[in-house]
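Structure file work-v2.cif with mmCIF, C-alpha atoms:
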```
data_query
#
loop_
_atom_site.label_atom_id
_atom_site.label_comp_id
_atom_site.auth_asym_id
_atom_site.auth_seq_id
_atom_site.Cartn_x
_atom_site.Cartn_y
_atom_site.Cartn_z
CA MET A 1 27.24 -9.84 -47.35
CA SER A 2 29.45 -11.58 -49.82
CA GLN A 3 29.60 -8.42 -51.89
CA ASN A 4 31.56 -6.70 -49.13
CA ASN A 5 34.27 -9.37 -49.28
CA GLN A 6 35.00 -8.81 -52.95
CA ALA A 7 38.04 -6.83 -53.98
CA PRO A 8 37.14 -3.37 -55.32
CA PRO A 9 37.34 -2.99 -59.09
CA ALA A 10 40.40 -1.45 -60.69
CA ARG A 11 40.31 2.26 -61.45
CA GLY A 12 38.33 2.91 -64.64
CA GLU A 13 36.69 -0.52 -64.37
CA GLN A 14 33.03 -0.51 -63.41
CA LYS A 15 31.65 -3.23 -61.19
CA ASN A 16 28.66 -5.15 -62.51
CA ILE A 17 25.56 -4.43 -60.45
CA ASP A 18 23.12 -7.16 -59.44
CA TYR A 19 19.96 -5.04 -59.63
CA LEU A 20 17.63 -7.90 -58.78
CA GLY A 21 19.80 -8.75 -55.80
CA LEU A 22 19.52 -5.16 -54.55
CA PHE A 23 15.72 -5.30 -54.62
CA LYS A 24 15.68 -8.67 -52.83
CA ARG A 25 18.17 -7.50 -50.21
CA ALA A 26 16.17 -4.32 -49.59
CA ALA A 27 13.05 -6.39 -48.95
CA ARG A 28 14.91 -8.48 -46.34
CA ILE A 29 16.29 -5.39 -44.61
CA VAL A 30 12.90 -3.72 -44.42
CA TRP A 31 11.16 -6.86 -43.17
CA GLN A 32 13.79 -7.54 -40.50
CA ASN A 33 13.84 -3.90 -39.33
CA ARG A 34 10.21 -2.85 -39.38
CA PHE A 35 10.89 0.22 -37.23
CA LEU A 36 12.07 1.77 -40.51
CA PHE A 37 8.40 2.13 -41.48
CA TRP A 38 8.12 5.05 -39.07
CA PHE A 39 10.67 6.98 -41.10
CA GLY A 40 8.82 6.01 -44.25
CA LEU A 41 5.64 7.37 -42.67
CA LEU A 42 7.34 10.72 -42.03
CA MET A 43 8.46 10.81 -45.66
CA ALA A 44 4.97 9.88 -46.87
CA LEU A 45 3.47 12.71 -44.82
CA GLY A 46 5.66 15.16 -46.70
CA SER A 47 4.50 13.96 -50.12
CA PRO A 48 1.11 12.27 -49.78
CA GLY A 49 -0.09 13.21 -53.25
CA GLY A 50 -3.54 14.50 -54.01
CA MET A 51 -6.96 13.47 -55.16
CA ASN A 52 -8.27 14.85 -58.43
CA PHE A 53 -11.99 15.27 -58.95
CA SER A 54 -13.68 16.11 -62.23
CA PRO A 55 -17.16 17.44 -61.60
CA SER A 56 -19.49 18.38 -64.40
CA GLY A 57 -19.45 21.87 -65.84
CA ASN A 58 -22.66 22.97 -64.09
CA ASP A 59 -21.51 21.64 -60.73
CA LEU A 60 -18.13 23.29 -61.18
CA GLY A 61 -19.70 26.65 -61.94
CA SER A 62 -22.09 26.48 -59.00
CA ASN A 63 -19.32 25.34 -56.66
CA GLN A 64 -17.09 28.22 -57.76
CA GLU A 65 -19.90 30.70 -57.20
CA ALA A 66 -20.62 29.23 -53.76
CA ALA A 67 -16.91 29.37 -52.91
CA LYS A 68 -16.72 33.03 -53.95
CA ASN A 69 -19.73 33.90 -51.80
CA PHE A 70 -18.28 32.02 -48.83
CA PHE A 71 -14.87 33.72 -49.07
CA ALA A 72 -16.50 37.12 -49.50
CA SER A 73 -18.61 36.76 -46.36
CA HIS A 74 -16.12 34.78 -44.25
CA TRP A 75 -12.74 36.03 -45.45
CA VAL A 76 -11.20 36.06 -41.96
CA LEU A 77 -12.10 32.41 -41.39
CA ALA A 78 -10.96 31.49 -44.90
CA ALA A 79 -7.61 33.25 -44.42
CA THR A 80 -7.13 31.54 -41.06
CA LEU A 81 -7.87 28.10 -42.48
CA ALA A 82 -5.56 28.72 -45.45
CA THR A 83 -2.76 29.80 -43.09
CA LEU A 84 -3.23 26.74 -40.90
CA ALA A 85 -3.27 24.46 -43.93
CA PHE A 86 -0.05 26.03 -45.24
CA ALA A 87 1.59 25.65 -41.81
CA VAL A 88 0.60 21.96 -41.66
CA VAL A 89 2.03 21.38 -45.15
CA ILE A 90 5.32 23.02 -44.12
CA ILE A 91 5.51 20.99 -40.90
CA PHE A 92 4.87 17.74 -42.77
CA PHE A 93 7.52 18.65 -45.34
CA LEU A 94 10.12 19.36 -42.64
CA LEU A 95 9.27 16.07 -40.95
CA SER A 96 9.74 14.30 -44.28
CA LEU A 97 13.29 15.68 -44.53
CA LEU A 98 14.03 14.48 -41.01
CA GLY A 99 12.56 11.09 -41.81
CA LYS A 100 14.58 10.83 -45.02
CA ALA A 101 17.86 11.50 -43.23
CA GLY A 102 16.96 9.09 -40.44
CA LEU A 103 15.95 6.34 -42.85
CA ILE A 104 19.05 6.66 -45.04
CA GLY A 105 21.37 6.72 -42.04
CA ALA A 106 19.63 3.80 -40.31
CA VAL A 107 19.66 1.61 -43.43
CA ASN A 108 23.35 2.33 -44.00
CA LYS A 109 24.19 1.39 -40.39
CA ILE A 110 22.18 -1.81 -40.73
CA VAL A 111 24.08 -2.72 -43.91
CA LEU A 112 27.31 -2.19 -41.97
CA GLY A 113 26.10 -4.73 -39.40
CA LYS A 114 25.25 -2.30 -36.59
CA LYS A 115 22.15 -2.55 -34.42
CA MET A 116 19.71 0.26 -35.01
CA ASN A 117 16.38 1.39 -33.62
CA PHE A 118 14.07 4.32 -34.18
CA ARG A 119 15.76 6.50 -31.56
CA SER A 120 19.23 6.13 -33.09
CA GLY A 121 17.83 6.77 -36.55
CA TRP A 122 16.00 9.84 -35.23
CA LYS A 123 19.30 11.23 -33.94
CA ILE A 124 20.80 10.84 -37.42
CA GLY A 125 17.80 12.62 -38.89
CA LYS A 126 18.17 15.58 -36.52
CA ARG A 127 21.88 15.80 -37.24
CA TYR A 128 21.50 16.21 -41.00
CA PHE A 129 18.10 17.91 -41.13
CA LEU A 130 19.42 21.44 -41.71
CA LYS A 131 21.81 20.32 -44.43
CA LEU A 132 19.03 18.55 -46.31
CA LEU A 133 16.86 21.65 -45.96
CA ARG A 134 19.61 23.80 -47.48
CA LEU A 135 20.07 21.22 -50.25
CA PHE A 136 16.35 21.32 -51.03
CA LEU A 137 16.29 25.12 -51.17
CA LEU A 138 19.32 25.12 -53.46
CA PHE A 139 17.75 22.75 -55.99
CA PHE A 140 14.32 24.35 -55.67
CA LEU A 141 15.77 27.73 -56.62
CA ALA A 142 17.78 26.17 -59.44
CA ILE A 143 14.70 24.48 -60.91
CA LEU A 144 12.64 27.65 -60.50
CA ILE A 145 15.21 29.77 -62.33
CA ILE A 146 15.54 27.23 -65.16
CA ILE A 147 11.78 27.04 -65.64
CA LEU A 148 11.47 30.83 -65.67
CA VAL A 149 14.27 31.22 -68.21
CA LEU A 150 12.71 28.60 -70.50
CA ALA A 151 9.20 30.00 -70.06
CA ILE A 152 9.97 33.67 -70.79
CA PRO A 153 10.32 33.26 -74.61
CA VAL A 154 7.13 31.19 -74.75
CA VAL A 155 5.17 33.73 -72.73
CA TYR A 156 6.48 36.58 -74.89
CA LEU A 157 5.45 34.82 -78.11
CA LEU A 158 2.00 34.17 -76.65
CA THR A 159 1.57 37.84 -75.77
CA ILE A 160 2.24 38.85 -79.37
CA HIS A 161 -0.12 36.09 -80.60
CA SER A 162 2.60 34.15 -82.41
CA TRP A 163 0.97 30.81 -81.72
CA ILE A 164 3.03 28.54 -83.98
CA ALA A 165 6.33 30.03 -82.84
CA ALA A 166 5.19 29.71 -79.21
CA LEU A 167 4.34 26.04 -79.78
CA LEU A 168 7.70 25.29 -81.38
CA VAL A 169 9.67 27.17 -78.73
CA GLY A 170 7.59 25.44 -76.03
CA LEU A 171 8.43 22.01 -77.42
CA LEU A 172 12.10 22.98 -77.55
CA ALA A 173 11.91 24.18 -73.94
CA VAL A 174 10.43 20.83 -72.86
CA ALA A 175 13.14 18.97 -74.78
CA ILE A 176 15.76 21.01 -72.93
CA LEU A 177 14.05 20.71 -69.56
CA ILE A 178 13.76 16.90 -69.51
CA PRO A 179 17.51 16.06 -69.49
CA ILE A 180 18.18 18.96 -67.10
CA ALA A 181 15.50 17.64 -64.75
CA LEU A 182 17.04 14.16 -64.84
CA ILE A 183 20.49 15.54 -64.05
CA LEU A 184 19.14 17.61 -61.18
CA PHE A 185 17.14 14.66 -59.83
CA PHE A 186 20.08 12.25 -59.70
CA THR A 187 22.49 14.92 -58.47
CA ASN A 188 20.11 15.92 -55.70
CA THR A 189 19.56 12.29 -54.72
CA TYR A 190 23.25 11.43 -54.64
CA ALA A 191 24.06 14.66 -52.79
CA THR A 192 21.53 13.65 -50.13
CA PHE A 193 23.35 10.36 -49.64
CA TYR A 194 26.76 12.04 -49.50
CA ILE A 195 25.48 14.45 -46.85
CA VAL A 196 24.02 11.73 -44.62
CA LEU A 197 26.50 8.92 -45.24
CA SER A 198 29.70 10.94 -45.62
CA ASP A 199 28.94 14.10 -43.63
CA LEU A 200 29.88 16.37 -46.54
CA LYS A 201 28.89 20.00 -46.70
CA VAL A 202 26.12 20.88 -49.12
CA MET A 203 28.19 22.29 -51.99
CA SER A 204 30.82 19.58 -51.60
CA ALA A 205 28.08 16.95 -51.71
CA VAL A 206 26.61 18.48 -54.86
CA GLU A 207 29.98 18.54 -56.63
CA THR A 208 30.77 14.97 -55.61
CA ALA A 209 27.28 13.81 -56.58
CA TYR A 210 27.55 15.34 -60.05
CA GLY A 211 30.94 13.68 -60.52
CA LEU A 212 29.46 10.34 -59.50
CA LEU A 213 26.59 10.80 -61.96
CA THR A 214 28.94 11.52 -64.86
CA ARG A 215 30.97 8.40 -64.05
CA ARG A 216 28.02 6.08 -63.49
CA LEU A 217 25.40 7.56 -65.80
CA GLY A 218 24.52 4.21 -67.40
CA PRO A 219 23.78 2.35 -64.15
CA SER A 220 21.92 5.41 -62.84
CA LEU A 221 19.57 5.47 -65.84
CA ILE A 222 19.03 1.70 -65.67
CA PHE A 223 18.21 1.92 -61.98
CA GLY A 224 15.90 4.88 -62.61
CA LEU A 225 13.99 2.87 -65.23
CA LEU A 226 13.70 -0.07 -62.83
CA LEU A 227 12.27 2.21 -60.16
CA LEU A 228 9.84 3.64 -62.70
CA ALA A 229 8.70 0.11 -63.50
CA LEU A 230 8.38 -0.57 -59.76
CA ASN A 231 6.17 2.50 -59.37
CA ILE A 232 3.96 1.38 -62.24
CA ILE A 233 3.62 -2.13 -60.80
CA PHE A 234 2.76 -0.66 -57.41
CA ALA A 235 0.09 1.59 -58.94
CA LEU A 236 -1.40 -1.29 -60.94
CA ALA A 237 -1.56 -3.38 -57.76
CA VAL A 238 -3.09 -0.66 -55.57
CA LEU A 239 -5.69 0.77 -57.97
CA PRO A 240 -7.84 -2.40 -58.21
CA ILE A 241 -7.83 -2.69 -54.41
CA ALA A 242 -8.86 0.96 -54.07
CA ALA A 243 -11.61 0.44 -56.65
CA LEU A 244 -12.90 -2.60 -54.74
CA VAL A 245 -12.99 -0.62 -51.50
CA LEU A 246 -14.96 2.16 -53.22
CA LEU A 247 -17.44 -0.39 -54.57
CA ILE A 248 -18.05 -1.45 -50.98
CA LEU A 249 -18.12 2.00 -49.41
CA ILE A 250 -20.29 3.84 -51.95
CA PRO A 251 -23.42 1.65 -51.62
CA ALA A 252 -23.14 1.79 -47.83
CA GLY A 253 -22.75 5.56 -47.99
CA THR A 254 -25.81 5.85 -50.22
CA LEU A 255 -27.82 3.87 -47.70
CA PHE A 256 -26.69 6.13 -44.83
CA PHE A 257 -27.50 9.21 -46.93
CA PHE A 258 -31.14 8.21 -47.30
CA LEU A 259 -31.48 7.02 -43.71
CA SER A 260 -29.99 10.04 -41.91
CA LYS A 261 -27.92 13.05 -42.90
CA ILE A 262 -26.13 12.96 -39.54
CA ALA A 263 -25.32 9.28 -39.91
CA PHE A 264 -24.10 9.96 -43.44
CA GLY A 265 -21.83 12.77 -42.20
CA ILE A 266 -20.30 10.52 -39.55
CA TYR A 267 -19.89 7.69 -42.05
CA LEU A 268 -18.26 10.02 -44.59
CA ALA A 269 -15.81 11.40 -42.01
CA LEU A 270 -14.85 7.89 -40.87
CA ALA A 271 -14.48 6.70 -44.48
CA ILE A 272 -12.17 9.62 -45.31
CA LEU A 273 -10.06 9.05 -42.20
CA LEU A 274 -9.84 5.34 -42.99
CA PHE A 275 -8.80 6.09 -46.55
CA ILE A 276 -6.08 8.53 -45.43
CA ALA A 277 -4.79 6.06 -42.82
CA ALA A 278 -4.67 3.23 -45.36
CA ALA A 279 -2.95 5.44 -47.95
CA LEU A 280 -0.32 6.53 -45.42
CA PHE A 281 0.22 2.94 -44.26
CA VAL A 282 0.76 1.61 -47.78
CA GLY A 283 2.73 4.70 -48.80
CA SER A 284 5.06 4.43 -45.81
CA ILE A 285 5.88 0.79 -46.63
CA PHE A 286 6.53 1.56 -50.28
CA THR A 287 8.59 4.68 -49.49
CA THR A 288 10.67 2.77 -46.96
CA TYR A 289 11.37 0.02 -49.46
CA LYS A 290 12.28 2.38 -52.31
CA THR A 291 14.62 4.42 -50.11
CA THR A 292 16.30 1.24 -48.87
CA VAL A 293 16.90 0.12 -52.46
CA TRP A 294 18.33 3.57 -53.23
CA VAL A 295 20.80 3.28 -50.34
CA LEU A 296 21.97 -0.15 -51.49
CA PHE A 297 22.34 1.07 -55.07
CA PHE A 298 24.28 4.15 -53.98
CA ARG A 299 26.67 2.02 -51.94
CA GLU A 300 27.32 -0.07 -55.06
CA ILE A 301 28.21 2.83 -57.35
CA ALA A 302 29.83 5.30 -54.92
CA GLU A 303 33.47 4.32 -55.18
CA VAL A 304 34.97 7.69 -54.19
CA LYS A 305 38.62 7.47 -53.29
CA LYS A 306 40.14 9.40 -50.42
CA GLU A 307 42.19 11.67 -52.68
CA GLU A 308 39.08 12.57 -54.68
CA PHE A 309 37.28 13.47 -51.48
CA GLU A 310 40.10 15.76 -50.39
CA LYS A 311 39.91 17.69 -53.67
CA VAL A 312 36.21 18.34 -53.22
CA ALA A 313 36.19 19.10 -49.47
CA GLU A 314 39.62 20.39 -48.45
CA GLU A 315 38.29 22.26 -45.41
CA GLU A 316 36.40 19.27 -44.04
CA THR A 317 37.77 16.67 -41.69
CA GLU A 318 39.43 13.80 -43.53
CA LYS A 319 37.36 10.66 -43.27
CA GLN A 320 36.58 7.58 -45.28
CA ILE A 321 33.50 7.92 -47.45
CA ALA A 322 30.80 5.95 -45.70
CA ALA A 323 29.27 4.81 -48.95
CA ALA A 324 32.50 3.33 -50.33
CA PRO A 325 32.52 -0.49 -50.50
CA GLU A 326 34.27 -2.11 -47.54
CA LYS A 327 37.51 -3.89 -48.24
CA ALA A 328 38.20 -7.37 -46.99
#
```
This entry written out as structure tokens:
Amino acid sequence: MSQNNQAPPARGEQKNIDYLGLFKRAARIVWQNRFLFWFGLLMALGSPGGMNFSPSGNDLGSNQEAAKNFFASHWVLAATLATLAFAVVIIFFLLSLLGKAGLIGAVNKIVLGKKMNFRSGWKIGKRYFLKLLRLFLLFFLAILIIILVLAIPVVYLLTIHSWIAALLVGLLAVAILIPIALILFFTNTYATFYIVLSDLKVMSAVETAYGLLTRRLGPSLIFGLLLLALNIIFALAVLPIAALVLLILIPAGTLFFFLSKIAFGIYLALAILLFIAAALFVGSIFTTYKTTVWVLFFREIAEVKKEEFEKVAEEETEKQIAAAPEKA
């Protein structure tokens, strides 16, 4: 914790960030506080990703026809299953918000030297759950409006069969959307930390987060690139393992298929459940680690002074920003 004993940098002077040290410190925190994996599991449930299959054209056509016939003859069952699936997705998403708040708050308390467990982190998650939900809805609507505004000219040009103009305008829209998406991503992320660590209201957190991004844009982009590299390394490490597992499971499944259809069905169900469990286990560890690194990075760059906080949140109770570096 030697970083906490250093004097804060002078105003206008930016502190050098030991990025490698942040990643190493996050690994120690996660390993020494393995209850954090439960919060990572909740976050992984909210964004588990998907599996993409690419069947042949004939299979795709026959499957679509079979699906149409099934929905036509069993539309009540299909509607019920779709409703249940949507409800499960919503529940998992809400749990992911709760897990995110609990994980961020627990990691911050651990960095401050306080003892934490799952129950105390869960209380933090419940406290800031509604604020994070409002923050999500705010940014979701903002992104939706931006995409619609950028897409309208492209759609119009397509309707009048102006293909070249539509292509050029589409490329311009993408060029505009990329920097906007980056700004929204970092602002949303920093606002989340300000809500959980500093108890700011949603709009105050967004304003403060955008101000932090404009001041520390360089370190933010560097850290974003490092996380991108981390994601790539993680994918390159996991894919060969997944391929090896498939090489083991597929021959065994083929054997069960020829021996007994019932045995094959049981084997397939168990294999799918095992795959989902393994994916959630690995995903929860990786999500916990990434979020911990984010918290440590945010604490390094968030040097909001008390007078700046009062300008942004005059109606809120005066308090020291939790993410500000501690003074000796």
Discussion item. Can you pull out the residues contacting stretch 290-301 of chain A? Cut-off 10 Å, using all atoms listed in the file, and skip same-chain residues under 3 positions away; I want them as number ranges by chain.
Written reply: A: 3-4, 14-19, 21-27, 29-30, 36, 40, 43, 100, 103-108, 111, 189-190, 193-194, 197, 212-213, 215-216, 219-220, 223-224, 227, 230-231, 284-287, 304, 322-326
Worksheet item: Interatomic distance between atom CA of A:Leu184 and atom CA of A:Arg127?
Response: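 Between atom CA of A:Leu184 and atom CA of A:Arg127 the gap works out to 24.2 Å.
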Discussion item. Given the PyMOL selection byres ((chain A and resi 121) around 12) and the file above, list the residues it selects as a ChimeraX atom specification.
Written reply: /A:33,35-40,98-110,114-120,122-128,196
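Using only C-alpha atoms, the smallest distance between any of A:Val238, A:Ala87, A:Ile250, A:Phe185 and A:Leu221 comes from A:Phe185.
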Worksheet, complete the sentence: Computed gap from atom CA of A:Thr187 to atom CA of A:Thr208 is 8.8 Å
Fill in: Atom pair atom CA of A:Leu171 / atom CA of A:Thr159: separation (Å)
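Atom CA of A:Thr159 lies at a distance of 17.3 Å from atom CA of A:Leu171.
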Discussion item. Let me make sure I understand: among A:Leu177, A:Leu112, A:Leu95, A:Val169, which one has the smallest atom-to-atom distance to A:Ile145 if we use all atoms listed in the file?
Written reply: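 The answer is A:Leu177, which sits nearest to A:Ile145.
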Take every atom of stretch 227-238 of chain A listed in the file, pad by 6 Å on each side, and give me the axis-aligned box centre and edge lengths in Å, one decimal, as AutoDock Vina command-line options.
```
--center_x 4.6 --center_y 0.1 --center_z -59.5 --size_x 27.4 --size_y 19.0 --size_z 19.9
```
Practice prompt. Determine the residue membership of the PyMOL selection byres ((chain A and resi 147) around 12) for the file above and supply it as a PyMOL selection string.
Written response: chain A and resi 140-146+148-155+170+173-174+176-178+180-181
